[in-house]
>>> print(open('target-v3.tsv').read())   # TSV, C-alpha atoms and all ligand atoms
chain	number	residue	atom	x	y	z
A	1	MET	CA	151.84	88.88	60.32
A	2	ASN	CA	153.12	90.46	63.54
A	3	MET	CA	151.02	89.43	66.51
A	4	MET	CA	150.41	90.89	69.96
A	5	ARG	CA	148.75	89.85	73.18
A	6	ALA	CA	145.42	91.42	74.15
A	7	ALA	CA	143.11	90.64	77.06
A	8	ARG	CA	139.68	90.35	75.45
A	9	LEU	CA	136.15	89.89	76.70
A	10	HIS	CA	134.26	87.19	74.80
A	11	GLU	CA	130.88	87.28	76.58
A	12	ILE	CA	129.00	89.70	78.82
A	13	GLY	CA	129.73	88.85	82.44
A	14	GLY	CA	132.66	86.64	81.48
A	15	SER	CA	136.34	86.86	82.33
A	16	PHE	CA	139.02	88.37	80.13
A	17	ALA	CA	141.12	85.92	78.09
A	18	ILE	CA	144.60	86.56	76.71
A	19	ASP	CA	144.38	86.25	72.93
A	20	GLN	CA	146.95	86.58	70.15
A	21	ILE	CA	145.72	89.09	67.58
A	22	PRO	CA	147.41	91.00	64.74
A	23	ILE	CA	149.18	94.28	65.55
A	24	PRO	CA	147.06	96.94	63.81
A	25	THR	CA	148.32	99.37	61.18
A	26	PRO	CA	147.66	103.09	61.68
A	27	GLY	CA	145.49	104.75	59.04
A	28	ARG	CA	145.56	108.31	57.83
A	29	GLN	CA	146.00	110.83	60.70
A	30	GLU	CA	146.46	107.92	63.11
A	31	VAL	CA	149.35	106.59	65.18
A	32	LEU	CA	150.34	103.18	66.50
A	33	VAL	CA	151.16	103.26	70.22
A	34	LYS	CA	152.99	100.55	72.15
A	35	VAL	CA	151.13	100.59	75.44
A	36	GLU	CA	153.26	100.54	78.56
A	37	ALA	CA	150.62	101.13	81.26
A	38	CYS	CA	146.83	101.23	81.36
A	39	GLY	CA	144.65	102.24	84.28
A	40	LEU	CA	142.29	99.90	86.13
A	41	ILE	CA	138.78	101.27	86.54
A	42	PRO	CA	136.80	100.06	89.57
A	43	ASN	CA	133.64	100.30	87.45
A	44	LEU	CA	134.86	98.06	84.60
A	45	ARG	CA	133.43	94.82	85.98
A	46	ASN	CA	130.05	96.55	86.27
A	47	VAL	CA	130.35	97.85	82.73
A	48	VAL	CA	131.09	94.44	81.19
A	49	THR	CA	128.55	92.62	83.38
A	50	HIS	CA	125.58	94.94	83.93
A	51	PHE	CA	125.68	97.89	81.55
A	52	PRO	CA	123.70	96.16	78.76
A	53	ASN	CA	120.81	95.84	81.25
A	54	TRP	CA	121.31	98.97	83.34
A	55	TYR	CA	122.13	101.41	80.56
A	56	PRO	CA	121.09	99.91	77.19
A	57	PHE	CA	121.58	103.37	75.65
A	58	LEU	CA	125.34	103.19	76.46
A	59	PRO	CA	126.65	100.66	73.90
A	60	LEU	CA	129.60	98.34	74.48
A	61	PRO	CA	131.89	97.28	71.64
A	62	ALA	CA	130.94	94.12	69.74
A	63	LEU	CA	132.58	91.06	71.32
A	64	PRO	CA	135.22	89.80	71.47
A	65	ALA	CA	136.61	93.20	72.44
A	66	THR	CA	139.71	94.67	74.02
A	67	PHE	CA	139.03	97.04	76.91
A	68	GLY	CA	141.34	99.41	78.80
A	69	LEU	CA	140.60	103.12	79.13
A	70	ASP	CA	143.68	105.12	80.15
A	71	SER	CA	146.68	104.15	78.05
A	72	ALA	CA	150.18	105.57	78.09
A	73	GLY	CA	153.14	104.43	76.04
A	74	THR	CA	155.35	105.18	73.07
A	75	VAL	CA	154.51	105.96	69.46
A	76	THR	CA	156.00	103.23	67.24
A	77	ALA	CA	154.54	104.14	63.83
A	78	VAL	CA	152.55	106.98	62.26
A	79	GLY	CA	150.04	106.89	59.43
A	80	ASP	CA	149.84	109.15	56.38
A	81	GLY	CA	149.38	112.82	57.09
A	82	VAL	CA	150.77	112.74	60.63
A	83	THR	CA	153.40	115.44	61.09
A	84	ALA	CA	153.35	116.31	64.80
A	85	TRP	CA	154.30	112.84	66.07
A	86	LYS	CA	157.12	110.42	65.40
A	87	PRO	CA	158.23	107.03	66.67
A	88	GLY	CA	159.70	107.33	70.15
A	89	ASP	CA	157.36	110.06	71.38
A	90	ARG	CA	155.93	109.29	74.83
A	91	VAL	CA	152.18	109.85	74.95
A	92	TYR	CA	148.92	109.51	76.84
A	93	VAL	CA	146.01	108.50	74.63
A	94	ASN	CA	142.81	110.38	75.43
A	95	PRO	CA	140.30	107.60	74.71
A	96	GLY	CA	137.32	109.90	74.11
A	97	ILE	CA	136.53	110.02	70.39
A	98	GLY	CA	133.77	111.88	68.55
A	99	CYS	CA	132.57	111.54	64.96
A	100	GLY	CA	135.11	114.18	63.91
A	101	GLU	CA	132.64	115.91	61.63
A	102	CYS	CA	129.80	117.47	63.63
A	103	ARG	CA	130.03	121.07	64.73
A	104	TYR	CA	131.05	120.14	68.29
A	105	CYS	CA	133.88	117.91	67.08
A	106	ARG	CA	135.05	120.66	64.74
A	107	GLN	CA	135.00	123.09	67.69
A	108	GLY	CA	137.30	120.80	69.67
A	109	GLU	CA	134.49	119.74	72.01
A	110	PRO	CA	134.06	116.04	71.17
A	111	THR	CA	132.49	115.37	74.59
A	112	ARG	CA	129.39	117.12	73.17
A	113	CYS	CA	129.28	114.86	70.09
A	114	ASN	CA	126.24	112.56	69.72
A	115	SER	CA	128.63	109.73	68.86
A	116	TYR	CA	131.08	110.32	71.71
A	117	THR	CA	132.78	107.03	72.54
A	118	PHE	CA	135.44	105.79	74.94
A	119	MET	CA	137.83	103.45	73.15
A	120	GLY	CA	138.06	100.31	75.24
A	121	TYR	CA	135.11	101.13	77.47
A	122	PHE	CA	131.64	102.17	76.25
A	123	GLY	CA	129.95	104.72	74.04
A	124	PHE	CA	127.24	107.32	74.43
A	125	GLY	CA	125.19	107.05	71.26
A	126	PRO	CA	124.09	105.09	68.23
A	127	GLY	CA	127.16	106.30	66.33
A	128	SER	CA	129.47	104.62	68.84
A	129	GLN	CA	129.57	101.21	67.15
A	130	ALA	CA	131.18	102.71	64.05
A	131	ILE	CA	133.85	104.31	66.23
A	132	PHE	CA	134.50	101.01	68.02
A	133	GLU	CA	134.94	99.38	64.61
A	134	ARG	CA	137.45	102.00	63.55
A	135	TYR	CA	139.34	101.92	66.87
A	136	PRO	CA	138.88	98.36	68.22
A	137	HIS	CA	142.10	98.37	70.24
A	138	ALA	CA	142.67	99.66	73.75
A	139	GLY	CA	144.99	99.57	76.71
A	140	TYR	CA	144.66	95.90	77.65
A	141	GLY	CA	146.33	95.06	74.37
A	142	GLU	CA	150.04	95.60	73.74
A	143	TYR	CA	149.42	98.03	70.86
A	144	LEU	CA	146.60	100.34	69.85
A	145	THR	CA	145.84	102.74	67.04
A	146	ALA	CA	144.42	106.16	67.88
A	147	PRO	CA	143.72	109.47	66.16
A	148	ALA	CA	146.82	111.66	66.28
A	149	ALA	CA	144.58	114.45	67.58
A	150	ASN	CA	143.91	112.45	70.77
A	151	LEU	CA	147.52	112.23	71.94
A	152	VAL	CA	148.96	114.18	74.83
A	153	ARG	CA	152.75	114.48	74.95
A	154	LEU	CA	154.23	113.31	78.27
A	155	PRO	CA	157.05	115.16	80.00
A	156	ASP	CA	160.03	113.12	81.23
A	157	THR	CA	158.91	113.70	84.81
A	158	LEU	CA	155.60	111.87	84.26
A	159	SER	CA	155.94	108.08	84.08
A	160	SER	CA	153.63	105.94	81.98
A	161	ALA	CA	152.27	104.42	85.19
A	162	GLN	CA	151.39	107.86	86.52
A	163	ALA	CA	149.92	108.84	83.17
A	164	ALA	CA	147.55	105.86	83.42
A	165	ARG	CA	145.82	107.97	86.07
A	166	LEU	CA	145.19	110.92	83.77
A	167	GLY	CA	141.55	109.98	83.12
A	168	TYR	CA	140.58	110.70	86.70
A	169	LEU	CA	142.80	113.75	86.91
A	170	GLY	CA	141.53	115.11	83.62
A	171	THR	CA	137.93	114.62	84.68
A	172	ALA	CA	138.62	116.62	87.82
A	173	TYR	CA	140.53	119.24	85.81
A	174	SER	CA	137.65	119.82	83.40
A	175	ALA	CA	135.19	120.00	86.29
A	176	ILE	CA	137.24	122.63	88.11
A	177	ARG	CA	137.37	124.68	84.91
A	178	LYS	CA	133.61	124.42	84.57
A	179	SER	CA	133.21	125.40	88.22
A	180	ALA	CA	134.81	128.76	87.28
A	181	LEU	CA	136.89	128.60	90.47
A	182	ARG	CA	139.14	131.64	90.75
A	183	PRO	CA	142.36	132.00	92.74
A	184	GLY	CA	141.59	132.85	96.34
A	185	GLN	CA	138.15	131.25	96.27
A	186	SER	CA	136.86	128.13	98.00
A	187	LEU	CA	135.92	124.70	96.69
A	188	LEU	CA	134.11	121.83	98.41
A	189	ILE	CA	134.99	118.34	97.18
A	190	LEU	CA	132.43	115.69	98.12
A	191	GLY	CA	134.09	112.27	98.20
A	192	ALA	CA	137.54	113.82	98.47
A	193	THR	CA	139.47	110.67	99.42
A	194	GLY	CA	138.23	108.68	96.41
A	195	THR	CA	139.97	108.22	93.08
A	196	LEU	CA	138.44	111.37	91.59
A	197	GLY	CA	138.58	113.30	94.84
A	198	VAL	CA	142.30	113.02	95.58
A	199	GLY	CA	143.17	114.32	92.12
A	200	ALA	CA	140.58	117.08	92.47
A	201	THR	CA	142.18	118.15	95.76
A	202	LEU	CA	145.66	118.31	94.21
A	203	LEU	CA	144.30	120.33	91.30
A	204	ALA	CA	142.24	122.72	93.44
A	205	LEU	CA	145.41	123.63	95.33
A	206	ALA	CA	147.25	124.12	92.04
A	207	PHE	CA	144.42	126.36	90.79
A	208	GLY	CA	145.07	128.65	93.75
A	209	ALA	CA	142.04	127.86	95.90
A	210	ALA	CA	142.32	129.57	99.27
A	211	ARG	CA	140.17	126.91	100.96
A	212	VAL	CA	139.56	123.35	99.84
A	213	LEU	CA	136.90	121.69	101.98
A	214	VAL	CA	137.50	117.95	101.66
A	215	VAL	CA	134.48	115.83	102.62
A	216	ALA	CA	134.83	112.11	103.29
A	217	ARG	CA	134.15	109.35	105.81
A	218	ASP	CA	137.72	108.14	106.44
A	219	ARG	CA	139.47	110.32	109.02
A	220	THR	CA	142.96	108.93	108.31
A	221	ALA	CA	142.60	109.49	104.57
A	222	LEU	CA	141.35	113.04	105.20
A	223	GLU	CA	144.45	113.71	107.29
A	224	ARG	CA	146.61	112.75	104.31
A	225	LEU	CA	144.84	115.40	102.25
A	226	VAL	CA	145.17	118.02	104.99
A	227	ALA	CA	148.91	117.31	105.10
A	228	LEU	CA	149.16	118.53	101.48
A	229	ASP	CA	148.60	122.08	102.77
A	230	PRO	CA	147.30	122.42	106.35
A	231	ARG	CA	146.52	126.12	105.85
A	232	ARG	CA	144.24	125.57	102.90
A	233	VAL	CA	142.80	122.05	103.16
A	234	VAL	CA	139.91	121.83	105.65
A	235	PRO	CA	138.57	118.38	106.60
A	236	VAL	CA	134.82	117.78	106.88
A	237	LEU	CA	134.12	114.36	108.35
A	238	LEU	CA	130.94	112.60	107.27
A	239	GLY	CA	128.89	111.32	110.15
A	240	GLU	CA	129.75	114.20	112.46
A	241	GLY	CA	126.80	116.45	111.75
A	242	GLY	CA	125.58	117.76	108.43
A	243	ILE	CA	127.99	118.69	105.64
A	244	ALA	CA	126.50	122.13	104.96
A	245	GLY	CA	126.49	123.02	108.66
A	246	GLN	CA	130.12	121.99	109.11
A	247	ALA	CA	131.18	123.82	105.94
A	248	ARG	CA	129.42	127.03	106.94
A	249	ARG	CA	131.12	126.98	110.32
A	250	HIS	CA	134.38	127.44	108.38
A	251	LEU	CA	132.93	129.70	105.66
A	252	PRO	CA	129.70	131.38	106.81
A	253	ASP	CA	128.86	132.66	103.32
A	254	GLY	CA	129.36	129.22	101.83
A	255	VAL	CA	131.80	127.78	99.29
A	256	ASP	CA	132.24	129.31	95.84
A	257	ALA	CA	131.97	125.97	94.07
A	258	MET	CA	131.42	122.27	94.72
A	259	LEU	CA	132.54	119.10	92.96
A	260	ASP	CA	130.39	116.02	93.55
A	261	THR	CA	132.53	112.92	92.98
A	262	LEU	CA	130.25	110.41	94.71
A	263	GLY	CA	129.59	107.26	92.68
A	264	ALA	CA	126.37	105.42	91.93
A	265	LYS	CA	126.41	103.45	95.20
A	266	ALA	CA	126.53	106.54	97.45
A	267	PRO	CA	123.32	107.99	98.92
A	268	ALA	CA	122.14	111.08	97.07
A	269	GLU	CA	121.19	112.62	100.44
A	270	LEU	CA	124.89	113.42	100.92
A	271	SER	CA	124.94	115.35	97.65
A	272	VAL	CA	121.82	117.29	98.62
A	273	ASP	CA	123.28	118.08	102.05
A	274	ALA	CA	126.57	119.30	100.51
A	275	MET	CA	124.75	121.52	98.02
A	276	GLY	CA	123.52	123.49	101.04
A	277	ALA	CA	127.12	124.63	101.54
A	278	VAL	CA	127.31	126.45	98.19
A	279	ALA	CA	127.31	130.24	98.32
A	280	ARG	CA	125.02	132.46	96.27
A	281	GLY	CA	126.09	132.38	92.64
A	282	GLY	CA	128.05	129.17	93.16
A	283	ARG	CA	128.37	126.24	90.79
A	284	ILE	CA	127.86	122.57	91.58
A	285	VAL	CA	129.64	120.24	89.15
A	286	GLN	CA	128.63	116.57	88.94
A	287	ILE	CA	131.41	114.13	87.94
A	288	GLY	CA	130.75	111.03	90.06
A	289	GLY	CA	127.38	109.87	88.80
A	290	VAL	CA	125.67	109.56	92.17
A	291	ALA	CA	122.27	107.85	91.73
A	292	GLY	CA	119.62	110.58	91.83
A	293	PRO	CA	117.23	112.14	91.51
A	294	ILE	CA	118.60	115.29	93.12
A	295	PRO	CA	115.75	117.65	94.03
A	296	ILE	CA	116.23	121.18	92.75
A	297	ASP	CA	113.68	123.74	93.88
A	298	PRO	CA	113.70	126.30	91.05
A	299	HIS	CA	112.65	129.39	93.00
A	300	PRO	CA	115.38	129.39	95.67
A	301	PHE	CA	117.81	128.08	93.03
A	302	MET	CA	116.97	131.11	90.90
A	303	CYS	CA	117.12	133.57	93.77
A	304	ALA	CA	120.55	132.31	94.84
A	305	GLN	CA	121.73	132.14	91.18
A	306	LEU	CA	122.99	128.59	91.67
A	307	GLN	CA	124.11	126.40	88.77
A	308	TYR	CA	124.12	122.61	88.54
A	309	ILE	CA	126.48	121.33	85.83
A	310	GLY	CA	127.16	117.82	84.54
A	311	SER	CA	130.71	117.31	83.29
A	312	LEU	CA	131.96	114.39	81.19
A	313	TRP	CA	135.65	113.51	80.90
A	314	PHE	CA	137.93	116.14	79.29
A	315	THR	CA	139.04	117.25	75.86
A	316	PRO	CA	142.51	116.54	74.42
A	317	THR	CA	143.26	120.25	74.88
A	318	GLU	CA	142.33	120.08	78.55
A	319	GLY	CA	144.57	117.01	78.81
A	320	GLU	CA	147.48	119.03	77.42
A	321	GLU	CA	146.82	121.86	79.87
A	322	LEU	CA	146.71	119.39	82.77
A	323	VAL	CA	149.94	117.67	81.72
A	324	GLY	CA	151.51	121.11	81.37
A	325	MET	CA	150.66	121.80	85.01
A	326	ILE	CA	152.08	118.45	86.11
A	327	GLY	CA	155.22	118.94	84.02
A	328	ALA	CA	155.76	122.36	85.57
A	329	GLY	CA	155.61	120.88	89.06
A	330	LEU	CA	152.31	122.53	89.99
A	331	VAL	CA	150.73	119.14	90.65
A	332	ASP	CA	152.83	116.53	92.46
A	333	LEU	CA	151.61	112.98	91.86
A	334	GLY	CA	154.19	111.63	94.30
A	335	LEU	CA	151.55	110.73	96.85
A	336	LEU	CA	149.99	108.16	94.49
A	337	GLU	CA	151.27	104.69	95.39
A	338	PRO	CA	151.71	102.55	92.28
A	339	ARG	CA	150.19	99.07	92.24
A	340	ALA	CA	151.00	97.31	88.99
A	341	TYR	CA	149.61	94.04	87.65
A	342	PRO	CA	150.83	92.13	84.59
A	343	LEU	CA	148.29	91.58	81.83
A	344	GLU	CA	147.87	87.89	82.77
A	345	GLN	CA	146.43	89.01	86.13
A	346	LEU	CA	143.82	91.37	84.68
A	347	ASN	CA	140.85	89.45	86.11
A	348	GLU	CA	142.39	89.34	89.59
A	349	ALA	CA	143.36	93.00	89.30
A	350	LEU	CA	139.81	94.04	88.41
A	351	ALA	CA	138.46	92.14	91.42
A	352	ALA	CA	141.09	93.78	93.64
A	353	VAL	CA	140.42	97.31	92.41
A	354	GLU	CA	136.67	96.83	92.78
A	355	SER	CA	137.05	96.11	96.49
A	356	GLN	CA	140.23	98.01	97.37
A	357	ALA	CA	140.08	101.15	95.25
A	358	ASN	CA	141.05	104.28	97.13
A	359	GLY	CA	142.22	107.65	96.05
A	360	PHE	CA	145.85	107.13	97.00
A	361	THR	CA	146.63	103.91	95.12
A	362	ASN	CA	147.29	103.95	91.39
A	363	PHE	CA	146.05	100.56	90.14
A	364	HIS	CA	147.26	99.81	86.64
A	365	ILE	CA	148.24	97.11	84.17
A	366	THR	CA	151.79	97.01	82.81
A	367	HIS	CA	152.86	95.34	79.59
A	368	ALA	CA	156.22	93.69	80.27
B	1	ZN	ZN	131.00	114.73	66.39
>>> encode(input="target-v3.tsv", output="C-alpha cells")
Amino acid sequence: MNMMRAARLHEIGGSFAIDQIPIPTPGRQEVLVKVEACGLIPNLRNVVTHFPNWYPFLPLPALPATFGLDSAGTVTAVGDGVTAWKPGDRVYVNPGIGCGECRYCRQGEPTRCNSYTFMGYFGFGPGSQAIFERYPHAGYGEYLTAPAANLVRLPDTLSSAQAARLGYLGTAYSAIRKSALRPGQSLLILGATGTLGVGATLLALAFGAARVLVVARDRTALERLVALDPRRVVPVLLGEGGIAGQARRHLPDGVDAMLDTLGAKAPAELSVDAMGAVARGGRIVQIGGVAGPIPIDPHPFMCAQLQYIGSLWFTPTEGEELVGMIGAGLVDLGLLEPRAYPLEQLNEALAAVESQANGFTNFHITHA
C-alpha cells in the first residue's frame, strides 16, 4: 500500500503528530490531489483547543484527523465519471462541501446547505460528520481526495503558495459581491490591514471602487495600502476620533457599503461606530465574526434602508471568478510576502501565525 505523511491531531488541545497513513483512492466524481501548499489559519489552534466548548454546534472531525483548510497542488488521479480534470492539472481545492443533494447544493449554493462542512477544519451541522468521513483528508497531508466540483483551475501566474491564500481572498470576494458595490462607489473596510482586509482592499480596487476607506490601528500598515492607489485608498486611523466621523469628513453622505472583517477578539463598539459611516441604502457585510451583539435599532434602520448581511466563505463558482480576475492581472498578489514552513514544523508554525499574523504575510505549509 502506498503511504503518505499527514500531520494529524489525536486529542483536543494536543499537538499535531506526523503519521504515515495510506494514500486515498478517489471515488466517483472525485480527484486525488498532491498537495503542494496549504494555508495556515491563525484561528486553527482555537478551533482544535476550544471549539468543542465554545461552539458545540460546530462539529470537528472524529480524531485522529488531518486538518488544513486551503490546499493547492496538482491532480494525480481522477475517479470514475470525471471528465473535466486530468493528472497534471494545477488546482485550488475549495474545502467547503455540502450534502450535494438539497435544493441549495443543487443550486450551486452549498454555503446554504444544512450540512455545510469545511474539509480539514470544522462543520456547521449534524450532517457534517458524514462529510468528514467521506473526505477525511486535508491540506496537512501530502494527498487529499475532493469532489471534482470543488476544484478551481490555477493559471500559470498563480503559484500554489499564493493559492493557499485563496480562502481569505474568496471570502472577501463573496462579501464584496453581496455588498452590491458598483464601479465608482465607495467601500469602507473595517480591519483593513488584517488577513481578510488586505485581500478585500485589493479586490475593492479591482471592482472599480472610487474610494476605499481602509480602517485600522497600524499607521505603517495603512500606508502600505494607500500606496496601492493613493487617489482611491483613504486611510482612517483607529484611535484618532470616531470612525464614522472621520469617514464622513471624506464622504459626507457616507460610504455605499462596508465590510466588517474584525475577529472575535475585537471590541464590537468599533463595528457599531463604523456602521455609522454607511450611507442610506447601504449594505454592511459581516465576514470577521466580531463578538456581538451588535445593536440594530429597527426604525432608523428601516428609514435609512440599511442592510446587515452575514457572509460565509465562497462558492466554487465565486472561486473561479476570483481566480479569473487574478489570472487577468486585475488583482496583484505581489505584495504578499511568502512565509513557508515544512510539515514537520506545523506546531511551531501555528504558534507563530497566531501571534504574528498580519495581512501582508502569507503563512503556509509546503510539502517538500
Ligand atoms: Zn446540501
>>> residues_near_ligand(input="target-v3.tsv", ligand="ligand ZN 1 (chain B)", cutoff="9 Å", atoms="all atoms listed in the file", output="ChimeraX atom specification")
/A:97-106,109-116
>>> write_last_selection(input="target-v3.tsv", atoms="C-alpha atoms", output="compact mmCIF listing (two decimals), in the coordinates of the input")
# COMPACT_ATOMS: atom_id res chain seq x y z
CA ILE A 97 136.53 110.02 70.39
CA GLY A 98 133.77 111.88 68.55
CA CYS A 99 132.57 111.54 64.96
CA GLY A 100 135.11 114.18 63.91
CA GLU A 101 132.64 115.91 61.63
CA CYS A 102 129.80 117.47 63.63
CA ARG A 103 130.03 121.07 64.73
CA TYR A 104 131.05 120.14 68.29
CA CYS A 105 133.88 117.91 67.08
CA ARG A 106 135.05 120.66 64.74
CA GLU A 109 134.49 119.74 72.01
CA PRO A 110 134.06 116.04 71.17
CA THR A 111 132.49 115.37 74.59
CA ARG A 112 129.39 117.12 73.17
CA CYS A 113 129.28 114.86 70.09
CA ASN A 114 126.24 112.56 69.72
CA SER A 115 128.63 109.73 68.86
CA TYR A 116 131.08 110.32 71.71
>>> residues_near_point(input="target-v3.tsv", point="(143.2, 106.1, 94.1)", cutoff="9 Å", atoms="all atoms listed in the file", output="PyMOL selection string")
chain A and resi 165+193-199+336-337+357-363
>>> residues_around(input="target-v3.tsv", residues="A:Asp332", least_positions_apart="5", cutoff="10 Å", atoms="only C-alpha atoms", output="PDB file with C-alpha atoms, in the frame of the given file")
ATOM      1  CA  LEU A 158     155.600 111.870  84.260  1.00  0.00           C
ATOM      2  CA  GLY A 199     143.170 114.320  92.120  1.00  0.00           C
ATOM      3  CA  LEU A 202     145.660 118.310  94.210  1.00  0.00           C
ATOM      4  CA  LEU A 203     144.300 120.330  91.300  1.00  0.00           C
ATOM      5  CA  ALA A 206     147.250 124.120  92.040  1.00  0.00           C
ATOM      6  CA  LEU A 228     149.160 118.530 101.480  1.00  0.00           C
ATOM      7  CA  MET A 325     150.660 121.800  85.010  1.00  0.00           C
ATOM      8  CA  ILE A 326     152.080 118.450  86.110  1.00  0.00           C
ATOM      9  CA  GLY A 327     155.220 118.940  84.020  1.00  0.00           C
TER      10      GLY A 327
END
>>> residues_around(input="target-v3.tsv", residues="A:Lys265", least_positions_apart="2", cutoff="9 Å", atoms="all atoms listed in the file", output="ChimeraX atom specification")
/A:262-263,267-268,290-291
>>> closest_atom_pairs(input="target-v3.tsv", of="stretch 273-362 of chain A", to="stretch 184-192 of chain A", cutoff="12 Å", atoms="only C-alpha atoms", output="Markdown table")
| residue | atom | partner | partner_atom | distance |
| --- | --- | --- | --- | --- |
| A:Asp273 | CA | A:Leu190 | CA | 10.2 |
| A:Ala274 | CA | A:Leu190 | CA | 7.3 |
| A:Met275 | CA | A:Leu188 | CA | 9.4 |
| A:Gly276 | CA | A:Leu188 | CA | 11.0 |
| A:Ala277 | CA | A:Leu188 | CA | 8.2 |
| A:Val278 | CA | A:Leu188 | CA | 8.2 |
| A:Ala279 | CA | A:Ser186 | CA | 9.8 |
| A:Gly282 | CA | A:Leu187 | CA | 9.7 |
| A:Arg283 | CA | A:Leu187 | CA | 9.7 |
| A:Ile284 | CA | A:Leu188 | CA | 9.3 |
| A:Val285 | CA | A:Ile189 | CA | 9.8 |
| A:Gln286 | CA | A:Leu190 | CA | 10.0 |
| A:Ile287 | CA | A:Leu190 | CA | 10.3 |
| A:Gly288 | CA | A:Gly191 | CA | 8.9 |
| A:Gly289 | CA | A:Gly191 | CA | 11.8 |
| A:Val290 | CA | A:Gly191 | CA | 10.7 |
| A:Asn358 | CA | A:Ala192 | CA | 10.3 |
| A:Gly359 | CA | A:Ala192 | CA | 8.1 |
| A:Phe360 | CA | A:Ala192 | CA | 10.8 |
>>> residues_around(input="target-v3.tsv", residues="stretch 20-22 of chain A", least_positions_apart="6", cutoff="6 Å", atoms="only C-alpha atoms", output="list of chain:residue names")
A:Asn2, A:Met3, A:Met4, A:Arg5
>>> closest_residue(input="target-v3.tsv", among="A:Val75, A:Ile176, A:Leu58, A:Val214", to="A:Phe124", atoms="only C-alpha atoms")
A:Leu58
>>> closest_residue(input="target-v3.tsv", among="A:Gly281, A:Leu237, A:Gly14, A:Glu348", to="A:Gln305", atoms="all atoms listed in the file")
A:Gly281
>>> closest_residue(input="target-v3.tsv", among="A:Ala62, A:Ile12, A:Val233, A:Ala244", to="A:Gly208", atoms="all atoms listed in the file")
A:Val233
>>> residues_around(input="target-v3.tsv", residues="A:Leu154", least_positions_apart="5", cutoff="9 Å", atoms="only C-alpha atoms", output="number ranges by chain")
A: 72, 89-92, 159-160, 163, 320, 323-324, 327
>>> atom_distance(input="target-v3.tsv", atom1="atom CA of A:Ser311", atom2="atom CA of A:Ala204")
16.3 Å
>>> atom_distance(input="target-v3.tsv", atom1="atom CA of A:Lys34", atom2="atom CA of A:Gly73")
5.5 Å
>>> closest_residue(input="target-v3.tsv", among="A:Val48, A:Val78, A:Ala65, A:Val35", to="A:Ala17", atoms="only C-alpha atoms")
A:Ala65
>>> closest_residue(input="target-v3.tsv", among="A:Ala200, A:Ala84, A:Ala227, A:Val47", to="A:Gly68", atoms="all atoms listed in the file")
A:Val47
>>> residues_around(input="target-v3.tsv", residues="stretch 27-31 of chain A", least_positions_apart="2", cutoff="8 Å", atoms="only C-alpha atoms", output="count of residues only")
15
>>> closest_residue(input="target-v3.tsv", among="A:Leu205, A:Ile18, A:Tyr168, A:Ser174", to="A:Pro42", atoms="only C-alpha atoms")
A:Tyr168
>>> axis_aligned_box(input="target-v3.tsv", around="stretch 347-366 of chain A", padding_each_side="3 Å", output="lines of an AutoDock Vina configuration file")
center_x = 144.2
center_y = 98.5
center_z = 90.1
size_x = 21.1
size_y = 24.3
size_z = 20.6
>>> atom_distance(input="target-v3.tsv", atom1="atom CA of A:Ile41", atom2="atom CA of A:Thr201")
19.5 Å
>>> decode(input="target-v3.tsv", residues="stretch 251-264 of chain A", atoms="N, CA and C atoms", output="mmCIF file, in the first residue's frame")
data_model
loop_
_atom_site.group_PDB
_atom_site.id
_atom_site.type_symbol
_atom_site.label_atom_id
_atom_site.label_comp_id
_atom_site.auth_asym_id
_atom_site.auth_seq_id
_atom_site.Cartn_x
_atom_site.Cartn_y
_atom_site.Cartn_z
ATOM 1 N N LEU A 251 -16.415 61.609 2.970
ATOM 2 C CA LEU A 251 -17.620 61.348 2.171
ATOM 3 C C LEU A 251 -18.830 61.745 3.010
ATOM 4 N N PRO A 252 -19.280 62.994 2.904
ATOM 5 C CA PRO A 252 -20.347 63.480 3.794
ATOM 6 C C PRO A 252 -21.626 62.646 3.738
ATOM 7 N N ASP A 253 -21.947 62.063 2.595
ATOM 8 C CA ASP A 253 -23.160 61.245 2.512
ATOM 9 C C ASP A 253 -22.969 59.838 3.071
ATOM 10 N N GLY A 254 -21.734 59.483 3.343
ATOM 11 C CA GLY A 254 -21.441 58.147 3.842
ATOM 12 C C GLY A 254 -20.920 57.225 2.755
ATOM 13 N N VAL A 255 -20.525 56.020 3.156
ATOM 14 C CA VAL A 255 -19.995 55.033 2.196
ATOM 15 C C VAL A 255 -21.146 54.170 1.681
ATOM 16 N N ASP A 256 -20.991 53.673 0.461
ATOM 17 C CA ASP A 256 -22.047 52.859 -0.138
ATOM 18 C C ASP A 256 -22.145 51.476 0.495
ATOM 19 N N ALA A 257 -21.024 50.987 1.008
ATOM 20 C CA ALA A 257 -21.039 49.640 1.593
ATOM 21 C C ALA A 257 -19.895 49.534 2.593
ATOM 22 N N MET A 258 -20.006 48.532 3.468
ATOM 23 C CA MET A 258 -18.986 48.322 4.491
ATOM 24 C C MET A 258 -18.742 46.820 4.656
ATOM 25 N N LEU A 259 -17.462 46.452 4.759
ATOM 26 C CA LEU A 259 -17.105 45.081 5.125
ATOM 27 C C LEU A 259 -16.543 45.110 6.536
ATOM 28 N N ASP A 260 -17.088 44.285 7.410
ATOM 29 C CA ASP A 260 -16.554 44.162 8.767
ATOM 30 C C ASP A 260 -15.729 42.889 8.839
ATOM 31 N N THR A 261 -14.392 43.050 8.933
ATOM 32 C CA THR A 261 -13.502 41.885 8.989
ATOM 33 C C THR A 261 -12.965 41.640 10.385
ATOM 34 N N LEU A 262 -13.440 42.394 11.385
ATOM 35 C CA LEU A 262 -12.880 42.236 12.729
ATOM 36 C C LEU A 262 -13.179 40.844 13.276
ATOM 37 N N GLY A 263 -12.201 40.262 13.972
ATOM 38 C CA GLY A 263 -12.362 38.934 14.539
ATOM 39 C C GLY A 263 -12.983 38.972 15.921
ATOM 40 N N ALA A 264 -13.088 37.779 16.503
ATOM 41 C CA ALA A 264 -13.834 37.614 17.757
ATOM 42 C C ALA A 264 -13.213 38.395 18.913
#
